[in-house]
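K.L.:
Just dropping this structure here.
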Amino acid sequence: KNQRYSKKKLSEARITRLEEVGFTWTSTRASHHVEPYRRSHERPHQATLDPKKEARWDEMYAQLKEFRGENGHFKAPLSSHSQLRRWIDKQRHSFKQNMLPKARIARLEAIGFDLGVRQSPVSFEDRIAQLKEYFQQSGNCDVPLS
């Protein structure tokens, strides 16, 4: 999975946890070194934000909170809440592109909003434990694909 990993994004904490177990970014099956692609929620350019856009974001955020208060979830239907639904989709897209500012991420997460990060059926901690066990038995972290 380390080749697929290079195209995905891992937090620094997860990179550190993997390296603590003995994981290396060079596969014995591959002839090249895979450099970890670190996840960053920093916008490439933190220019002054447009006050009108900020006010609009705050307005939509308030609508999101109101919708959740009334419905108990964030699944705004496109048919009746098209503006809010498009805004929700844009937040998730911006997050996936690492273009959502940290302050906005914090505000959305504070109300329990899922930014669309898919959790694997097996937790990261369980996978780390499995990797440690494999490392103890084989002396490497080059887990077979099957």
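Going by the structure tokens order, chains are called A, B, ..., each with residues numbered from 1, while ligands are numbered from 1 in the order shown.
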Please provide as a PyMOL selection string all residues within 10 Å of Phe113 of chain A, with the sequence filter that same-chain residues fewer than 2 positions apart are discarded (counting only C-alpha atoms).

P.N.:
chain A and resi 64-65+68+73-74+88+92+105-111+115-116

K.L.:
For Arg127 of chain A, list every protein, DNA or RNA residue within 12 Å, evaluated using only C-alpha atoms, and leave out those in the same chain fewer than 6 positions away; present the list as a list in words.

P.N.:
Arg14, Arg17, Leu18, Val21, Ser120, Pro121, Glu133, Tyr134, Cys141 and Val143 of chain A

K.L.:
With N, CA, C and O atoms kept, could you save the residues just selected as a compact mmCIF listing (two decimals), in the first residue's frame?

P.N.:
# COMPACT_ATOMS: atom_id res chain seq x y z
N ARG A 14 0.34 10.24 11.77
CA ARG A 14 0.29 8.89 11.21
C ARG A 14 1.62 8.51 10.55
O ARG A 14 2.06 7.38 10.66
N ARG A 17 3.81 7.56 13.40
CA ARG A 17 3.43 6.25 13.96
C ARG A 17 3.94 5.12 13.08
O ARG A 17 4.45 4.12 13.57
N LEU A 18 3.80 5.26 11.77
CA LEU A 18 4.27 4.23 10.85
C LEU A 18 5.79 4.08 10.94
O LEU A 18 6.32 2.96 11.00
N VAL A 21 7.05 2.17 13.96
CA VAL A 21 6.90 0.73 13.85
C VAL A 21 8.05 0.11 13.06
O VAL A 21 8.36 -1.05 13.17
N SER A 120 -11.79 3.83 7.28
CA SER A 120 -11.71 2.45 6.81
C SER A 120 -12.42 1.56 7.82
O SER A 120 -12.53 1.91 8.99
N PRO A 121 -12.91 0.40 7.37
CA PRO A 121 -13.60 -0.51 8.30
C PRO A 121 -12.73 -0.90 9.48
O PRO A 121 -13.22 -1.15 10.55
N GLU A 133 2.90 -6.44 14.59
CA GLU A 133 2.95 -7.90 14.68
C GLU A 133 3.67 -8.48 13.45
O GLU A 133 4.53 -9.35 13.58
N TYR A 134 3.33 -7.98 12.28
CA TYR A 134 3.96 -8.46 11.05
C TYR A 134 5.46 -8.16 11.09
O TYR A 134 6.28 -9.01 10.74
N CYS A 141 8.34 -4.30 7.05
CA CYS A 141 6.96 -3.83 6.94
C CYS A 141 6.43 -3.98 5.51
O CYS A 141 5.48 -3.31 5.11
N VAL A 143 4.38 -5.76 3.70
CA VAL A 143 3.26 -6.69 3.81
C VAL A 143 2.81 -7.12 2.41
O VAL A 143 2.62 -6.27 1.55

K.L.:
When you draw a straight line from atom CA of Glu54 of chain A to atom CA of Ala103 of chain A, how long is it in Å?

P.N.:
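Those two atoms sit 11.7 Å apart.
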
K.L.:
From the DSSP assignment of the backbone, select every residue of segment 61-134 of chain A that is helix (DSSP H, G or I), and format the answer as a short mmCIF file (atom, residue, chain, number, x, y, z; two decimals) with N, CA and C atoms, in the first residue's frame.

P.N.:
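Saved result, states_32.cif, follows:
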data_model
loop_
_atom_site.label_atom_id
_atom_site.label_comp_id
_atom_site.auth_asym_id
_atom_site.auth_seq_id
_atom_site.Cartn_x
_atom_site.Cartn_y
_atom_site.Cartn_z
N TYR A 61 -22.81 29.01 7.14
CA TYR A 61 -22.49 28.23 8.33
C TYR A 61 -23.65 28.29 9.32
N ALA A 62 -24.21 29.47 9.49
CA ALA A 62 -25.38 29.62 10.39
C ALA A 62 -26.56 28.80 9.86
N GLN A 63 -26.76 28.79 8.54
CA GLN A 63 -27.83 27.98 7.96
C GLN A 63 -27.59 26.50 8.20
N LEU A 64 -26.34 26.09 8.11
CA LEU A 64 -25.99 24.69 8.37
C LEU A 64 -26.31 24.31 9.80
N LYS A 65 -25.93 25.16 10.74
CA LYS A 65 -26.23 24.90 12.15
C LYS A 65 -27.73 24.85 12.39
N GLU A 66 -28.46 25.76 11.77
CA GLU A 66 -29.92 25.79 11.91
C GLU A 66 -30.54 24.52 11.33
N PHE A 67 -30.07 24.10 10.16
CA PHE A 67 -30.58 22.89 9.53
C PHE A 67 -30.36 21.69 10.45
N ARG A 68 -29.17 21.59 11.02
CA ARG A 68 -28.87 20.47 11.92
C ARG A 68 -29.74 20.52 13.15
N GLY A 69 -29.97 21.71 13.69
CA GLY A 69 -30.83 21.84 14.86
C GLY A 69 -32.25 21.38 14.59
N GLU A 70 -32.73 21.67 13.39
CA GLU A 70 -34.10 21.29 13.03
C GLU A 70 -34.23 19.84 12.61
N ASN A 71 -33.18 19.29 12.00
CA ASN A 71 -33.28 17.95 11.40
C ASN A 71 -32.42 16.88 12.06
N SER A 82 -31.19 23.68 -1.91
CA SER A 82 -30.15 23.61 -2.95
C SER A 82 -28.93 24.47 -2.64
N GLN A 83 -29.14 25.69 -2.14
CA GLN A 83 -28.00 26.56 -1.83
C GLN A 83 -27.13 25.96 -0.74
N LEU A 84 -27.79 25.50 0.32
CA LEU A 84 -27.06 24.91 1.44
C LEU A 84 -26.34 23.65 0.99
N ARG A 85 -27.00 22.82 0.22
CA ARG A 85 -26.38 21.58 -0.26
C ARG A 85 -25.15 21.87 -1.12
N ARG A 86 -25.25 22.84 -2.01
CA ARG A 86 -24.09 23.19 -2.84
C ARG A 86 -22.95 23.71 -1.96
N TRP A 87 -23.29 24.50 -0.94
CA TRP A 87 -22.28 25.03 -0.05
C TRP A 87 -21.60 23.90 0.72
N ILE A 88 -22.39 22.93 1.20
CA ILE A 88 -21.84 21.77 1.92
C ILE A 88 -20.86 21.02 1.01
N ASP A 89 -21.30 20.76 -0.21
CA ASP A 89 -20.44 20.05 -1.16
C ASP A 89 -19.15 20.82 -1.42
N LYS A 90 -19.25 22.14 -1.50
CA LYS A 90 -18.06 22.97 -1.73
C LYS A 90 -17.09 22.89 -0.55
N GLN A 91 -17.61 22.85 0.68
CA GLN A 91 -16.74 22.75 1.86
C GLN A 91 -15.98 21.43 1.82
N ARG A 92 -16.67 20.35 1.50
CA ARG A 92 -16.01 19.04 1.45
C ARG A 92 -14.97 19.00 0.33
N HIS A 93 -15.32 19.57 -0.81
CA HIS A 93 -14.38 19.60 -1.93
C HIS A 93 -13.14 20.42 -1.56
N SER A 94 -13.36 21.58 -0.97
CA SER A 94 -12.24 22.43 -0.56
C SER A 94 -11.35 21.72 0.46
N PHE A 95 -11.97 20.99 1.37
CA PHE A 95 -11.21 20.24 2.37
C PHE A 95 -10.35 19.17 1.69
N LYS A 96 -10.94 18.43 0.77
CA LYS A 96 -10.20 17.37 0.08
C LYS A 96 -9.05 17.94 -0.75
N LYS A 102 -7.81 26.41 8.19
CA LYS A 102 -7.89 25.72 9.48
C LYS A 102 -9.03 26.24 10.35
N ALA A 103 -9.23 27.54 10.35
CA ALA A 103 -10.29 28.12 11.20
C ALA A 103 -11.67 27.59 10.78
N ARG A 104 -11.88 27.45 9.48
CA ARG A 104 -13.17 26.93 9.00
C ARG A 104 -13.31 25.45 9.32
N ILE A 105 -12.22 24.71 9.17
CA ILE A 105 -12.25 23.29 9.52
C ILE A 105 -12.64 23.15 10.98
N ALA A 106 -12.01 23.93 11.83
CA ALA A 106 -12.29 23.86 13.27
C ALA A 106 -13.75 24.18 13.57
N ARG A 107 -14.28 25.20 12.92
CA ARG A 107 -15.68 25.57 13.16
C ARG A 107 -16.63 24.47 12.72
N LEU A 108 -16.36 23.87 11.55
CA LEU A 108 -17.22 22.80 11.05
C LEU A 108 -17.12 21.56 11.94
N GLU A 109 -15.91 21.21 12.32
CA GLU A 109 -15.74 20.03 13.18
C GLU A 109 -16.34 20.26 14.57
N ALA A 110 -16.33 21.50 15.04
CA ALA A 110 -16.88 21.82 16.37
C ALA A 110 -18.38 21.52 16.46
N PHE A 124 -7.15 2.87 12.08
CA PHE A 124 -5.72 3.07 11.89
C PHE A 124 -4.94 2.40 13.02
N GLU A 125 -5.44 2.54 14.25
CA GLU A 125 -4.75 1.94 15.41
C GLU A 125 -4.69 0.42 15.28
N ASP A 126 -5.78 -0.21 14.79
CA ASP A 126 -5.77 -1.65 14.58
C ASP A 126 -4.75 -2.04 13.52
N ARG A 127 -4.68 -1.23 12.45
CA ARG A 127 -3.71 -1.51 11.38
C ARG A 127 -2.28 -1.34 11.88
N ILE A 128 -2.03 -0.37 12.75
CA ILE A 128 -0.69 -0.20 13.33
C ILE A 128 -0.34 -1.44 14.15
N ALA A 129 -1.28 -1.94 14.95
CA ALA A 129 -1.03 -3.14 15.75
C ALA A 129 -0.72 -4.33 14.85
N GLN A 130 -1.47 -4.46 13.75
CA GLN A 130 -1.21 -5.55 12.81
C GLN A 130 0.16 -5.40 12.17
N LEU A 131 0.55 -4.18 11.84
CA LEU A 131 1.84 -3.92 11.23
C LEU A 131 2.97 -4.24 12.20
N LYS A 132 2.80 -3.87 13.47
CA LYS A 132 3.81 -4.20 14.49
C LYS A 132 4.01 -5.71 14.58
N GLU A 133 2.90 -6.44 14.59
CA GLU A 133 2.95 -7.90 14.68
C GLU A 133 3.67 -8.48 13.45
N TYR A 134 3.33 -7.98 12.28
CA TYR A 134 3.96 -8.46 11.05
C TYR A 134 5.46 -8.16 11.09
#

K.L.:
Which one is closest to Gly112 of chain A: A:Gly72, A:His81, A:Glu20, A:Thr26? Count only C-alpha atoms.

P.N.:
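Result for the nearest residue to Gly112 of chain A: A:Gly72.
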
K.L.:
Please indicate the distance in Å from atom CA of Asp114 of chain A to atom CA of Lys53 of chain A, rounded to one decimal place.

P.N.:
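It comes out at 22.3 Å.
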